[in-house]
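File shown: coords23.cif. Contents: mmCIF, C-alpha atoms and all ligand atoms.
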```cif
data_final
#
loop_
_atom_site.group_PDB
_atom_site.id
_atom_site.type_symbol
_atom_site.label_atom_id
_atom_site.label_comp_id
_atom_site.auth_asym_id
_atom_site.auth_seq_id
_atom_site.Cartn_x
_atom_site.Cartn_y
_atom_site.Cartn_z
ATOM 1 C CA MET A 1 -36.296 -7.070 22.856
ATOM 2 C CA GLY A 2 -33.867 -9.523 21.482
ATOM 3 C CA ALA A 3 -34.619 -13.159 21.626
ATOM 4 C CA HIS A 4 -31.964 -15.721 21.632
ATOM 5 C CA PRO A 5 -31.787 -19.480 21.861
ATOM 6 C CA PRO A 6 -30.794 -20.687 25.306
ATOM 7 C CA ASN A 7 -27.266 -21.762 25.956
ATOM 8 C CA ARG A 8 -28.220 -25.402 26.072
ATOM 9 C CA PHE A 9 -29.461 -25.122 22.524
ATOM 10 C CA ILE A 10 -26.202 -23.590 21.385
ATOM 11 C CA ARG A 11 -24.173 -26.357 22.987
ATOM 12 C CA GLN A 12 -26.294 -29.028 21.385
ATOM 13 C CA HIS A 13 -25.896 -27.304 18.132
ATOM 14 C CA LYS A 14 -22.148 -27.138 18.461
ATOM 15 C CA ALA A 15 -21.978 -30.768 19.407
ATOM 16 C CA ALA A 16 -24.163 -31.822 16.513
ATOM 17 C CA PHE A 17 -22.361 -29.985 13.794
ATOM 18 C CA GLY A 18 -19.010 -29.046 15.100
ATOM 19 C CA LEU A 19 -19.659 -25.595 13.831
ATOM 20 C CA VAL A 20 -17.548 -22.756 14.906
ATOM 21 C CA LEU A 21 -20.247 -20.570 16.292
ATOM 22 C CA GLY A 22 -18.228 -17.570 17.172
ATOM 23 C CA LEU A 23 -19.839 -14.408 16.014
ATOM 24 C CA ALA A 24 -18.533 -11.084 15.336
ATOM 25 C CA CYS A 25 -18.879 -7.442 14.700
ATOM 26 C CA MET A 26 -16.770 -5.081 12.704
ATOM 27 C CA GLY A 27 -14.610 -2.261 13.715
ATOM 28 C CA PHE A 28 -17.468 -0.682 15.578
ATOM 29 C CA ALA A 29 -19.402 -1.933 18.492
ATOM 30 C CA TRP A 30 -21.951 -0.728 20.896
ATOM 31 C CA LEU A 31 -23.972 -2.100 23.702
ATOM 32 C CA GLY A 32 -27.338 -3.445 22.861
ATOM 33 C CA THR A 33 -30.476 -2.555 24.677
ATOM 34 C CA VAL A 34 -29.943 -3.591 28.237
ATOM 35 C CA SER A 35 -32.950 -4.647 30.234
ATOM 36 C CA ASN A 36 -33.891 -2.085 32.798
ATOM 37 C CA SER A 37 -33.129 -4.417 35.685
ATOM 38 C CA THR A 38 -29.521 -4.789 34.599
ATOM 39 C CA PRO A 39 -26.731 -2.286 34.999
ATOM 40 C CA VAL A 40 -25.284 -0.863 31.836
ATOM 41 C CA LEU A 41 -21.925 -2.522 31.370
ATOM 42 C CA GLU A 42 -20.336 -0.281 28.830
ATOM 43 C CA GLU A 43 -21.320 1.853 25.924
ATOM 44 C CA GLN A 44 -19.488 2.721 22.822
ATOM 45 C CA VAL A 45 -20.993 4.032 19.624
ATOM 46 C CA ASN A 46 -19.272 4.038 16.300
ATOM 47 C CA PRO A 47 -21.086 4.655 13.023
ATOM 48 C CA PRO A 48 -21.759 1.586 10.903
ATOM 49 C CA VAL A 49 -19.521 1.201 7.915
ATOM 50 C CA ALA A 50 -20.943 -0.029 4.641
ATOM 51 C CA LEU A 51 -18.779 -1.877 2.179
ATOM 52 C CA SER A 52 -18.649 -0.605 -1.325
ATOM 53 C CA PRO A 53 -19.970 -3.014 -3.973
ATOM 54 C CA PRO A 54 -17.636 -5.698 -5.324
ATOM 55 C CA ALA A 55 -14.914 -4.691 -7.703
ATOM 56 C CA GLU A 56 -15.909 -3.504 -11.154
ATOM 57 C CA PRO A 57 -16.008 -6.332 -13.690
ATOM 58 C CA VAL A 58 -12.697 -6.843 -15.395
ATOM 59 C CA PRO A 59 -13.024 -6.211 -19.155
ATOM 60 C CA ALA A 60 -12.702 -9.294 -21.309
ATOM 61 C CA ALA A 61 -9.240 -9.679 -22.745
ATOM 62 C CA LEU A 62 -7.132 -12.248 -24.506
ATOM 63 C CA PRO A 63 -5.744 -14.762 -22.019
ATOM 64 C CA GLU A 64 -2.131 -13.807 -22.615
ATOM 65 C CA THR A 65 -2.878 -10.171 -21.803
ATOM 66 C CA VAL A 66 -4.669 -10.833 -18.503
ATOM 67 C CA ALA A 67 -2.581 -9.748 -15.575
ATOM 68 C CA PHE A 68 -2.864 -11.658 -12.345
ATOM 69 C CA GLY A 69 -4.502 -9.608 -9.622
ATOM 70 C CA VAL A 70 -6.083 -9.999 -6.187
ATOM 71 C CA LYS A 71 -8.677 -7.638 -4.726
ATOM 72 C CA ARG A 72 -10.094 -7.900 -1.262
ATOM 73 C CA LEU A 73 -13.189 -6.431 0.412
ATOM 74 C CA PRO A 74 -12.716 -4.909 2.882
ATOM 75 C CA ALA A 75 -9.522 -3.628 1.322
ATOM 76 C CA SER A 76 -8.212 -2.188 4.581
ATOM 77 C CA THR A 77 -7.417 -3.908 7.861
ATOM 78 C CA LEU A 78 -9.618 -6.884 8.636
ATOM 79 C CA SER A 79 -11.378 -7.343 11.948
ATOM 80 C CA GLN A 80 -13.266 -9.939 13.930
ATOM 81 C CA GLY A 81 -16.825 -10.502 12.721
ATOM 82 C CA GLN A 82 -16.328 -9.476 9.121
ATOM 83 C CA SER A 83 -17.099 -11.250 5.911
ATOM 84 C CA VAL A 84 -14.261 -11.046 3.424
ATOM 85 C CA VAL A 85 -14.701 -11.296 -0.344
ATOM 86 C CA VAL A 86 -11.539 -12.017 -2.340
ATOM 87 C CA THR A 87 -11.665 -11.546 -6.117
ATOM 88 C CA VAL A 88 -8.865 -12.904 -8.282
ATOM 89 C CA THR A 89 -8.188 -12.081 -11.912
ATOM 90 C CA ALA A 90 -6.211 -14.881 -13.500
ATOM 91 C CA PRO A 91 -5.119 -15.813 -17.019
ATOM 92 C CA ASP A 92 -6.323 -19.103 -18.481
ATOM 93 C CA ASN A 93 -3.283 -21.066 -17.349
ATOM 94 C CA LYS A 94 -3.917 -20.255 -13.692
ATOM 95 C CA VAL A 95 -6.960 -21.520 -11.814
ATOM 96 C CA PRO A 96 -7.486 -20.261 -8.251
ATOM 97 C CA ALA A 97 -9.000 -23.100 -6.222
ATOM 98 C CA SER A 98 -8.831 -22.196 -2.569
ATOM 99 C CA LEU A 99 -8.331 -19.234 -0.318
ATOM 100 C CA THR A 100 -6.773 -19.546 3.105
ATOM 101 C CA LEU A 101 -6.936 -16.764 5.663
ATOM 102 C CA GLY A 102 -5.389 -17.766 8.953
ATOM 103 C CA LYS A 103 -7.154 -20.968 9.959
ATOM 104 C CA ARG A 104 -10.037 -20.367 7.545
ATOM 105 C CA SER A 105 -10.290 -21.715 4.066
ATOM 106 C CA ALA A 106 -12.811 -21.110 1.299
ATOM 107 C CA ARG A 107 -13.374 -22.222 -2.244
ATOM 108 C CA PHE A 108 -13.006 -20.005 -5.310
ATOM 109 C CA PHE A 109 -15.865 -19.925 -7.793
ATOM 110 C CA LYS A 110 -15.599 -18.858 -11.417
ATOM 111 C CA GLN A 111 -17.557 -15.678 -12.087
ATOM 112 C CA ASP A 112 -19.462 -14.685 -15.214
ATOM 113 C CA THR A 113 -16.884 -11.986 -15.847
ATOM 114 C CA PRO A 114 -14.038 -13.589 -17.831
ATOM 115 C CA HIS A 115 -10.896 -14.600 -15.919
ATOM 116 C CA THR A 116 -12.496 -13.724 -12.607
ATOM 117 C CA TRP A 117 -12.770 -15.913 -9.525
ATOM 118 C CA GLN A 118 -14.239 -15.145 -6.136
ATOM 119 C CA ALA A 119 -14.189 -16.624 -2.630
ATOM 120 C CA VAL A 120 -16.073 -15.626 0.523
ATOM 121 C CA VAL A 121 -14.738 -16.247 3.999
ATOM 122 C CA GLY A 122 -16.074 -15.276 7.429
ATOM 123 C CA LEU A 123 -14.126 -14.150 10.481
ATOM 124 C CA SER A 124 -15.661 -15.084 13.815
ATOM 125 C CA VAL A 125 -16.046 -12.785 16.837
ATOM 126 C CA ASP A 126 -13.140 -14.554 18.482
ATOM 127 C CA GLU A 127 -10.958 -14.968 15.398
ATOM 128 C CA ALA A 128 -7.239 -14.903 16.219
ATOM 129 C CA THR A 129 -5.885 -11.376 15.753
ATOM 130 C CA GLY A 130 -2.526 -10.026 14.592
ATOM 131 C CA PRO A 131 -0.569 -10.729 11.405
ATOM 132 C CA THR A 132 -2.485 -13.344 9.425
ATOM 133 C CA ALA A 133 -1.446 -15.252 6.314
ATOM 134 C CA LEU A 134 -3.643 -14.953 3.235
ATOM 135 C CA ALA A 135 -2.957 -17.299 0.334
ATOM 136 C CA VAL A 136 -4.531 -18.157 -3.007
ATOM 137 C CA THR A 137 -3.698 -21.656 -4.181
ATOM 138 C CA GLN A 138 -4.459 -23.815 -7.194
ATOM 139 C CA GLY A 139 -5.875 -27.313 -7.065
ATOM 140 C CA ASP A 140 -2.400 -28.839 -7.101
ATOM 141 C CA GLY A 141 -1.413 -26.808 -4.050
ATOM 142 C CA SER A 142 0.793 -24.338 -5.904
ATOM 143 C CA VAL A 143 0.555 -20.857 -4.451
ATOM 144 C CA LEU A 144 -0.589 -18.080 -6.788
ATOM 145 C CA HIS A 145 -0.549 -15.298 -4.230
ATOM 146 C CA ARG A 146 0.558 -14.820 -0.680
ATOM 147 C CA GLU A 147 0.366 -11.818 1.632
ATOM 148 C CA THR A 148 0.177 -11.042 5.305
ATOM 149 C CA VAL A 149 -2.842 -9.069 6.480
ATOM 150 C CA THR A 150 -3.508 -7.588 9.881
ATOM 151 C CA LEU A 151 -6.560 -8.793 11.741
ATOM 152 C CA THR A 152 -7.765 -6.559 14.568
ATOM 153 C CA LYS A 153 -9.907 -7.123 17.625
ATOM 154 C CA THR A 154 -13.511 -5.872 17.713
ATOM 155 C CA SER A 155 -15.169 -4.838 20.957
ATOM 156 C CA PHE A 156 -18.611 -6.305 21.394
ATOM 157 C CA GLY A 157 -21.105 -5.165 23.976
ATOM 158 C CA ARG A 158 -23.210 -7.186 26.345
ATOM 159 C CA GLN A 159 -26.933 -7.570 26.685
ATOM 160 C CA ASN A 160 -29.217 -9.058 29.280
ATOM 161 C CA ILE A 161 -32.547 -10.599 28.417
ATOM 162 C CA ASN A 162 -35.148 -11.373 31.026
ATOM 163 C CA VAL A 163 -36.329 -14.840 30.129
ATOM 164 C CA SER A 164 -39.544 -16.265 31.544
ATOM 165 C CA SER A 165 -39.547 -19.886 32.635
ATOM 166 C CA LYS A 166 -42.047 -20.593 29.883
ATOM 167 C CA THR A 167 -39.868 -19.149 27.092
ATOM 168 C CA GLY A 168 -36.669 -20.511 28.593
ATOM 169 C CA GLY A 169 -38.006 -24.063 28.534
ATOM 170 C CA LEU A 170 -38.641 -24.133 24.790
ATOM 171 C CA GLN A 171 -37.179 -27.149 23.024
ATOM 172 C CA PRO A 172 -36.529 -27.493 19.291
ATOM 173 C CA ILE A 173 -38.590 -29.935 17.271
ATOM 174 C CA PRO A 174 -36.739 -32.968 15.871
ATOM 175 C CA GLY A 175 -34.619 -31.890 12.920
ATOM 176 C CA GLU A 176 -34.874 -28.158 13.652
ATOM 177 C CA LEU A 177 -31.283 -27.649 14.730
ATOM 178 C CA GLU A 178 -29.973 -29.987 12.053
ATOM 179 C CA ALA A 179 -31.717 -28.094 9.251
ATOM 180 C CA ILE A 180 -30.412 -24.766 10.481
ATOM 181 C CA GLY A 181 -26.917 -26.175 10.890
ATOM 182 C CA GLN A 182 -27.040 -27.393 7.294
ATOM 183 C CA LEU A 183 -28.203 -24.009 6.038
ATOM 184 C CA LYS A 184 -25.240 -22.205 7.584
ATOM 185 C CA THR A 185 -22.696 -24.423 5.900
ATOM 186 C CA THR A 186 -24.417 -24.686 2.531
ATOM 187 C CA LEU A 187 -22.001 -23.938 -0.285
ATOM 188 C CA THR A 188 -23.456 -23.911 -3.793
ATOM 189 C CA PRO A 189 -21.593 -22.836 -6.949
ATOM 190 C CA VAL A 190 -24.315 -20.509 -8.263
ATOM 191 C CA ARG A 191 -24.048 -16.914 -7.101
ATOM 192 C CA TYR A 192 -27.505 -15.458 -6.537
ATOM 193 C CA TRP A 193 -26.259 -12.540 -4.460
ATOM 194 C CA SER A 194 -25.029 -9.156 -5.517
ATOM 195 C CA MET A 195 -24.096 -6.193 -3.413
ATOM 196 C CA PRO A 196 -25.368 -4.027 -1.923
ATOM 197 C CA PHE A 197 -27.500 -6.220 0.326
ATOM 198 C CA GLU A 198 -30.872 -4.800 1.366
ATOM 199 C CA SER A 199 -32.260 -4.712 4.895
ATOM 200 C CA PRO A 200 -35.185 -7.110 5.374
ATOM 201 C CA THR A 201 -37.194 -4.393 7.141
ATOM 202 C CA PRO A 202 -36.726 -0.602 7.343
ATOM 203 C CA ASP A 203 -36.573 -0.642 11.137
ATOM 204 C CA CYS A 204 -33.951 0.345 13.666
ATOM 205 C CA GLN A 205 -31.733 -2.180 15.384
ATOM 206 C CA ASN A 206 -32.310 -2.801 19.062
ATOM 207 C CA SER A 207 -29.802 -5.595 19.525
ATOM 208 C CA PRO A 208 -26.607 -5.661 17.523
ATOM 209 C CA PHE A 209 -24.553 -8.569 16.340
ATOM 210 C CA GLY A 210 -21.852 -10.023 18.540
ATOM 211 C CA THR A 211 -23.084 -8.953 21.964
ATOM 212 C CA ARG A 212 -22.367 -11.345 24.791
ATOM 213 C CA ARG A 213 -25.733 -12.642 25.929
ATOM 214 C CA TYR A 214 -26.943 -12.792 29.505
ATOM 215 C CA HIS A 215 -30.210 -14.422 30.487
ATOM 216 C CA ASN A 216 -31.699 -13.057 33.718
ATOM 217 C CA GLY A 217 -28.287 -11.634 34.569
ATOM 218 C CA THR A 218 -26.301 -14.835 34.002
ATOM 219 C CA TYR A 219 -23.810 -15.084 31.153
ATOM 220 C CA THR A 220 -24.967 -17.696 28.673
ATOM 221 C CA GLY A 221 -21.449 -18.244 27.364
ATOM 222 C CA ASP A 222 -22.538 -17.211 23.917
ATOM 223 C CA TYR A 223 -23.026 -14.356 21.512
ATOM 224 C CA HIS A 224 -25.837 -12.841 19.526
ATOM 225 C CA LYS A 225 -25.431 -14.370 16.104
ATOM 226 C CA GLY A 226 -27.523 -11.914 14.159
ATOM 227 C CA VAL A 227 -29.241 -8.567 14.581
ATOM 228 C CA ASP A 228 -32.630 -7.781 16.086
ATOM 229 C CA LEU A 229 -34.724 -5.179 14.308
ATOM 230 C CA ARG A 230 -37.538 -3.463 16.177
ATOM 231 C CA SER A 231 -40.126 -4.404 13.599
ATOM 232 C CA PRO A 232 -43.841 -4.487 14.384
ATOM 233 C CA ALA A 233 -45.871 -7.665 14.029
ATOM 234 C CA GLY A 234 -47.026 -8.149 10.462
ATOM 235 C CA ARG A 235 -44.231 -6.117 8.863
ATOM 236 C CA PRO A 236 -43.265 -7.663 5.486
ATOM 237 C CA ILE A 237 -39.779 -9.228 5.546
ATOM 238 C CA LYS A 238 -37.695 -8.904 2.382
ATOM 239 C CA ALA A 239 -34.837 -11.083 1.131
ATOM 240 C CA ILE A 240 -31.528 -9.277 1.633
ATOM 241 C CA ALA A 241 -30.280 -10.577 -1.721
ATOM 242 C CA GLY A 242 -31.235 -13.067 -4.384
ATOM 243 C CA GLY A 243 -31.215 -16.644 -3.224
ATOM 244 C CA LYS A 244 -32.758 -20.076 -3.112
ATOM 245 C CA VAL A 245 -35.140 -20.917 -0.291
ATOM 246 C CA GLN A 246 -33.718 -23.752 1.773
ATOM 247 C CA ILE A 247 -35.921 -23.486 4.875
ATOM 248 C CA ALA A 248 -39.488 -22.215 4.994
ATOM 249 C CA THR A 249 -41.569 -23.359 7.927
ATOM 250 C CA LEU A 250 -43.845 -22.255 10.746
ATOM 251 C CA LYS A 251 -43.244 -25.454 12.683
ATOM 252 C CA TYR A 252 -40.004 -24.699 14.506
ATOM 253 C CA ARG A 253 -40.619 -24.447 18.227
ATOM 254 C CA LEU A 254 -37.389 -22.677 19.184
ATOM 255 C CA HIS A 255 -36.827 -20.417 16.174
ATOM 256 C CA GLY A 256 -40.519 -20.015 15.363
ATOM 257 C CA GLY A 257 -41.526 -19.238 11.781
ATOM 258 C CA THR A 258 -38.262 -19.467 9.861
ATOM 259 C CA VAL A 259 -36.945 -18.797 6.380
ATOM 260 C CA GLY A 260 -33.387 -19.727 5.417
ATOM 261 C CA LEU A 261 -31.908 -18.510 2.140
ATOM 262 C CA ASP A 262 -28.893 -19.821 0.274
ATOM 263 C CA HIS A 263 -27.418 -16.877 -1.627
ATOM 264 C CA GLY A 264 -24.799 -19.075 -3.220
ATOM 265 C CA GLN A 265 -21.004 -19.224 -3.177
ATOM 266 C CA GLY A 266 -20.811 -19.021 0.611
ATOM 267 C CA PHE A 267 -23.414 -16.507 1.781
ATOM 268 C CA THR A 268 -26.560 -17.684 3.586
ATOM 269 C CA SER A 269 -29.128 -15.791 5.673
ATOM 270 C CA ILE A 270 -31.821 -16.701 8.175
ATOM 271 C CA TYR A 271 -34.973 -14.915 9.378
ATOM 272 C CA ILE A 272 -36.810 -16.164 12.469
ATOM 273 C CA HIS A 273 -39.789 -15.537 14.800
ATOM 274 C CA MET A 274 -41.988 -14.995 11.737
ATOM 275 C CA SER A 275 -45.804 -15.027 11.906
ATOM 276 C CA LYS A 276 -46.267 -15.831 8.244
ATOM 277 C CA VAL A 277 -44.065 -17.568 5.662
ATOM 278 C CA LEU A 278 -44.735 -16.722 2.009
ATOM 279 C CA VAL A 279 -42.176 -18.922 0.243
ATOM 280 C CA LYS A 280 -41.439 -22.628 0.073
ATOM 281 C CA PRO A 281 -38.231 -24.650 -0.120
ATOM 282 C CA GLY A 282 -36.725 -24.597 -3.605
ATOM 283 C CA ASP A 283 -38.189 -21.201 -4.566
ATOM 284 C CA LEU A 284 -35.815 -18.710 -6.139
ATOM 285 C CA VAL A 285 -36.259 -15.262 -4.627
ATOM 286 C CA LYS A 286 -35.039 -11.875 -5.766
ATOM 287 C CA LYS A 287 -33.470 -9.205 -3.620
ATOM 288 C CA GLY A 288 -36.277 -7.299 -1.912
ATOM 289 C CA GLN A 289 -38.897 -10.005 -2.452
ATOM 290 C CA VAL A 290 -41.255 -10.424 0.509
ATOM 291 C CA ILE A 291 -40.657 -13.829 2.098
ATOM 292 C CA GLY A 292 -42.889 -13.552 5.181
ATOM 293 C CA HIS A 293 -44.137 -11.386 8.017
ATOM 294 C CA VAL A 294 -42.652 -10.332 11.348
ATOM 295 C CA GLY A 295 -43.971 -12.134 14.420
ATOM 296 C CA SER A 296 -42.944 -13.287 17.864
ATOM 297 C CA SER A 297 -43.010 -17.055 17.428
ATOM 298 C CA GLY A 298 -40.424 -19.315 19.060
ATOM 299 C CA PHE A 299 -37.907 -18.005 21.582
ATOM 300 C CA ALA A 300 -39.002 -14.376 21.438
ATOM 301 C CA THR A 301 -40.045 -11.940 24.119
ATOM 302 C CA GLY A 302 -42.105 -9.855 21.702
ATOM 303 C CA PRO A 303 -42.545 -9.028 18.011
ATOM 304 C CA HIS A 304 -39.243 -8.310 16.255
ATOM 305 C CA LEU A 305 -37.150 -9.644 13.426
ATOM 306 C CA HIS A 306 -33.984 -11.531 14.188
ATOM 307 C CA TRP A 307 -31.971 -12.143 11.053
ATOM 308 C CA GLY A 308 -28.497 -13.527 10.621
ATOM 309 C CA LEU A 309 -25.858 -13.601 7.910
ATOM 310 C CA TYR A 310 -23.342 -16.422 7.447
ATOM 311 C CA ALA A 311 -20.177 -16.313 5.376
ATOM 312 C CA ASN A 312 -18.771 -19.720 4.584
ATOM 313 C CA GLY A 313 -20.496 -21.128 7.691
ATOM 314 C CA VAL A 314 -19.385 -18.379 10.075
ATOM 315 C CA PRO A 315 -21.899 -15.916 11.563
ATOM 316 C CA VAL A 316 -20.807 -12.439 10.466
ATOM 317 C CA ASN A 317 -21.938 -8.918 11.229
ATOM 318 C CA PRO A 318 -24.772 -7.743 8.947
ATOM 319 C CA ASN A 319 -23.846 -4.175 9.900
ATOM 320 C CA GLN A 320 -20.743 -4.486 7.775
ATOM 321 C CA LEU A 321 -22.919 -4.591 4.668
ATOM 322 C CA ILE A 322 -26.112 -2.854 5.772
ATOM 323 C CA ALA A 323 -25.985 0.307 7.853
ATOM 324 C CA TYR A 324 -28.390 0.237 10.794
ATOM 325 C CA HIS A 325 -29.353 2.878 13.287
ATOM 326 C CA ARG A 326 -29.672 2.030 16.911
ATOM 327 C CA CYS A 327 -33.239 2.316 18.213
HETATM 328 ZN ZN ZN A 401 -31.746 -11.916 17.974
#
```
As structure tokens:
Amino acid sequence: MGAHPPNRFIRQHKAAFGLVLGLACMGFAWLGTVSNSTPVLEEQVNPPVALSPPAEPVPAALPETVAFGVKRLPASTLSQGQSVVVTVTAPDNKVPASLTLGKRSARFFKQDTPHTWQAVVGLSVDEATGPTALAVTQGDGSVLHRETVTLTKTSFGRQNINVSSKTGGLQPIPGELEAIGQLKTTLTPVRYWSMPFESPTPDCQNSPFGTRRYHNGTYTGDYHKGVDLRSPAGRPIKAIAGGKVQIATLKYRLHGGTVGLDHGQGFTSIYIHMSKVLVKPGDLVKKGQVIGHVGSSGFATGPHLHWGLYANGVPVNPNQLIAYHRC
């Protein structure tokens, strides 16, 4: 079963950090597991789509021979709930500084590959759709590249969770929400991540990203901001990509045992409800490294792994980058 912070928690969170907490899926969507007491609202199954790895490194060349170029992943139409990686090749006299995509903006970071810059931006579940302006600008505001991309709507399912009065009354400990809010918006210049990302457990998904959440049949007004994997208690949890440990604690009352990773340059991930935490803040972890064990601590109705991916502060659909099968 999926666990999810109560609506009150989400509102506090929003108020505290002003975060845009919209979540999203990609061009596929299906209904999550619906509790047996609740009517099925709709069902739609599309296969998950995995992104190909980032563009091949651009060969080193003399500055005057470097052609300006912009590559985007996904390269096709964009949709609500996606993370978007924009890679720019630029000669020495041009320095990409910021990316704007509709109302979103993100910072470009220099890559190890010569003349290459990259920015990561996230599109929320309720991102405005239609023709959307994409621009690459330099620090002085001059525009290096401008195009119009189409952003399409994604259909997200709904899911009901039967919440007991005991679970529903859980309150975060002081600082819990603040630390998690900080994790989501962390933006560090080092890139620890590389694609493809790896699933933290090998298990099927029983609650997808982006579903509208109902508690005991009442709409909470919010979305599922990650995915739930039907993982048994004690299952080792692996880092989806290289990163630096920012949160590692068993003390959180609402999220339970939690690890938060900063993957650098705009990607962060969180793993909650853990029974055991095997890393500490400041540790550098490699992709696939075990960071803890699956549990049912915090706001959980049973053992499972909830994990979430954030792109430039926006919750995005892990299924875009890791293909999951529905349980
Ligand atoms: Zn969840």
Shell of 6 Å around A:Ala239, all atoms listed in the file, local chain residues under 6 positions omitted, as a PDB file with C-alpha atoms, keeping the file's coordinate frame:
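Heads up, here's the output in selection_25.pdb:
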```pdb
ATOM      1  CA  PRO A 200     -35.185  -7.110   5.374  1.00  0.00           C
ATOM      2  CA  LYS A 287     -33.470  -9.205  -3.620  1.00  0.00           C
ATOM      3  CA  GLY A 288     -36.277  -7.299  -1.912  1.00  0.00           C
ATOM      4  CA  GLN A 289     -38.897 -10.005  -2.452  1.00  0.00           C
TER       5      GLN A 289
END
```
Output the neighbourhood of ligand ZN 401 (chain A) as a PyMOL selection string, that is, all protein and nucleic acid residues with some atom at most 12 Å from the ligand, counting only C-alpha atoms and all ligand atoms.
-> chain A and resi 1-6+32-33+159-161+205-213+223-230+255+270-273+296+298-309
Neighbour list for A:Ser194 as a ChimeraX atom specification, cut-off 8 Å, all atoms listed in the file, skip fewer than 3 positions in-chain | /A:191,197,241-242
Spatial sel., origin (-36.6, -24.4, -7.1), limit 10 Å, only C-alpha atoms, listed as a VMD selection string | chain A and resid 244 to 246 280 to 285
Exactly which residues make up the result of the PyMOL selection byres (((chain A and resi 264) around 6) and not hetatm) on this file, given as a PDB file with C-alpha atoms, in the frame of the given file?
```
ATOM      1  CA  THR A 188     -23.456 -23.911  -3.793  1.00  0.00           C
ATOM      2  CA  VAL A 190     -24.315 -20.509  -8.263  1.00  0.00           C
ATOM      3  CA  ARG A 191     -24.048 -16.914  -7.101  1.00  0.00           C
ATOM      4  CA  TYR A 192     -27.505 -15.458  -6.537  1.00  0.00           C
ATOM      5  CA  ASP A 262     -28.893 -19.821   0.274  1.00  0.00           C
ATOM      6  CA  HIS A 263     -27.418 -16.877  -1.627  1.00  0.00           C
ATOM      7  CA  GLN A 265     -21.004 -19.224  -3.177  1.00  0.00           C
ATOM      8  CA  GLY A 266     -20.811 -19.021   0.611  1.00  0.00           C
ATOM      9  CA  PHE A 267     -23.414 -16.507   1.781  1.00  0.00           C
TER      10      PHE A 267
END
```
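What separates atom CA of A:Gly257 from atom CA of A:Gln320 is a distance of 25.8 Å.
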Once the PyMOL selection byres (((chain A and resi 310) around 8) and not hetatm) has been applied to the shown file, what residues remain in the selection, as JSON, numbers by chain?
-> {"A": [122, 184, 266, 267, 268, 269, 308, 309, 311, 312, 313, 314, 315, 316]}
Report as CSV the residues of stretch 86-107 of chain A within 7 Å of stretch 123-143 of chain A, each with its shortest atom pair and distance in Å (one decimal), using all atoms listed in the file, ordered by chain and increasing residue number.
```
residue,atom,partner,partner_atom,distance
A:Val95,CA,A:Gln138,CA,5.7
A:Pro96,CA,A:Gln138,CA,4.8
A:Ala97,CA,A:Gln138,CA,4.7
A:Ser98,CA,A:Thr137,CA,5.4
A:Leu99,CA,A:Val136,CA,4.8
A:Thr100,CA,A:Ala135,CA,5.2
A:Leu101,CA,A:Leu134,CA,4.5
A:Gly102,CA,A:Thr132,CA,5.3
```
Padded axis-aligned box of stretch 261-273 of chain A (6 Å per side), centre and edge lengths, Å, one decimal, as lines of an AutoDock Vina configuration file:
```
center_x = -30.3
center_y = -17.4
center_z = 5.8
size_x = 31.0
size_y = 16.9
size_z = 30.0
```
Since fewer atoms than expected are present, regenerate N, CA, C and O atoms for stretch 301-308 of chain A and write them as a PDB file, in the coordinates of the input.
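Dumped to part-v3.pdb:
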```
ATOM      1  N   THR A 301     -39.354 -12.600  23.017  1.00  0.00           N
ATOM      2  CA  THR A 301     -40.045 -11.940  24.119  1.00  0.00           C
ATOM      3  C   THR A 301     -41.058 -10.918  23.609  1.00  0.00           C
ATOM      4  O   THR A 301     -41.722 -10.260  24.382  1.00  0.00           O
ATOM      5  N   GLY A 302     -41.146 -10.772  22.294  1.00  0.00           N
ATOM      6  CA  GLY A 302     -42.105  -9.855  21.702  1.00  0.00           C
ATOM      7  C   GLY A 302     -41.854  -9.782  20.209  1.00  0.00           C
ATOM      8  O   GLY A 302     -40.860 -10.338  19.719  1.00  0.00           O
ATOM      9  N   PRO A 303     -42.748  -9.104  19.467  1.00  0.00           N
ATOM     10  CA  PRO A 303     -42.545  -9.028  18.011  1.00  0.00           C
ATOM     11  C   PRO A 303     -41.238  -8.327  17.657  1.00  0.00           C
ATOM     12  O   PRO A 303     -40.932  -7.265  18.199  1.00  0.00           O
ATOM     13  N   HIS A 304     -40.456  -8.915  16.814  1.00  0.00           N
ATOM     14  CA  HIS A 304     -39.243  -8.310  16.255  1.00  0.00           C
ATOM     15  C   HIS A 304     -38.732  -9.251  15.179  1.00  0.00           C
ATOM     16  O   HIS A 304     -39.183 -10.382  15.075  1.00  0.00           O
ATOM     17  N   LEU A 305     -37.793  -8.758  14.390  1.00  0.00           N
ATOM     18  CA  LEU A 305     -37.150  -9.644  13.426  1.00  0.00           C
ATOM     19  C   LEU A 305     -35.712  -9.890  13.852  1.00  0.00           C
ATOM     20  O   LEU A 305     -34.932  -8.957  13.996  1.00  0.00           O
ATOM     21  N   HIS A 306     -35.393 -11.145  14.058  1.00  0.00           N
ATOM     22  CA  HIS A 306     -33.984 -11.531  14.188  1.00  0.00           C
ATOM     23  C   HIS A 306     -33.587 -12.083  12.834  1.00  0.00           C
ATOM     24  O   HIS A 306     -34.221 -12.985  12.313  1.00  0.00           O
ATOM     25  N   TRP A 307     -32.507 -11.521  12.269  1.00  0.00           N
ATOM     26  CA  TRP A 307     -31.971 -12.143  11.053  1.00  0.00           C
ATOM     27  C   TRP A 307     -30.461 -12.253  11.173  1.00  0.00           C
ATOM     28  O   TRP A 307     -29.823 -11.472  11.890  1.00  0.00           O
ATOM     29  N   GLY A 308     -29.926 -13.268  10.518  1.00  0.00           N
ATOM     30  CA  GLY A 308     -28.497 -13.527  10.621  1.00  0.00           C
ATOM     31  C   GLY A 308     -27.883 -13.773   9.255  1.00  0.00           C
ATOM     32  O   GLY A 308     -28.552 -14.250   8.338  1.00  0.00           O
TER      33      GLY A 308
END
```
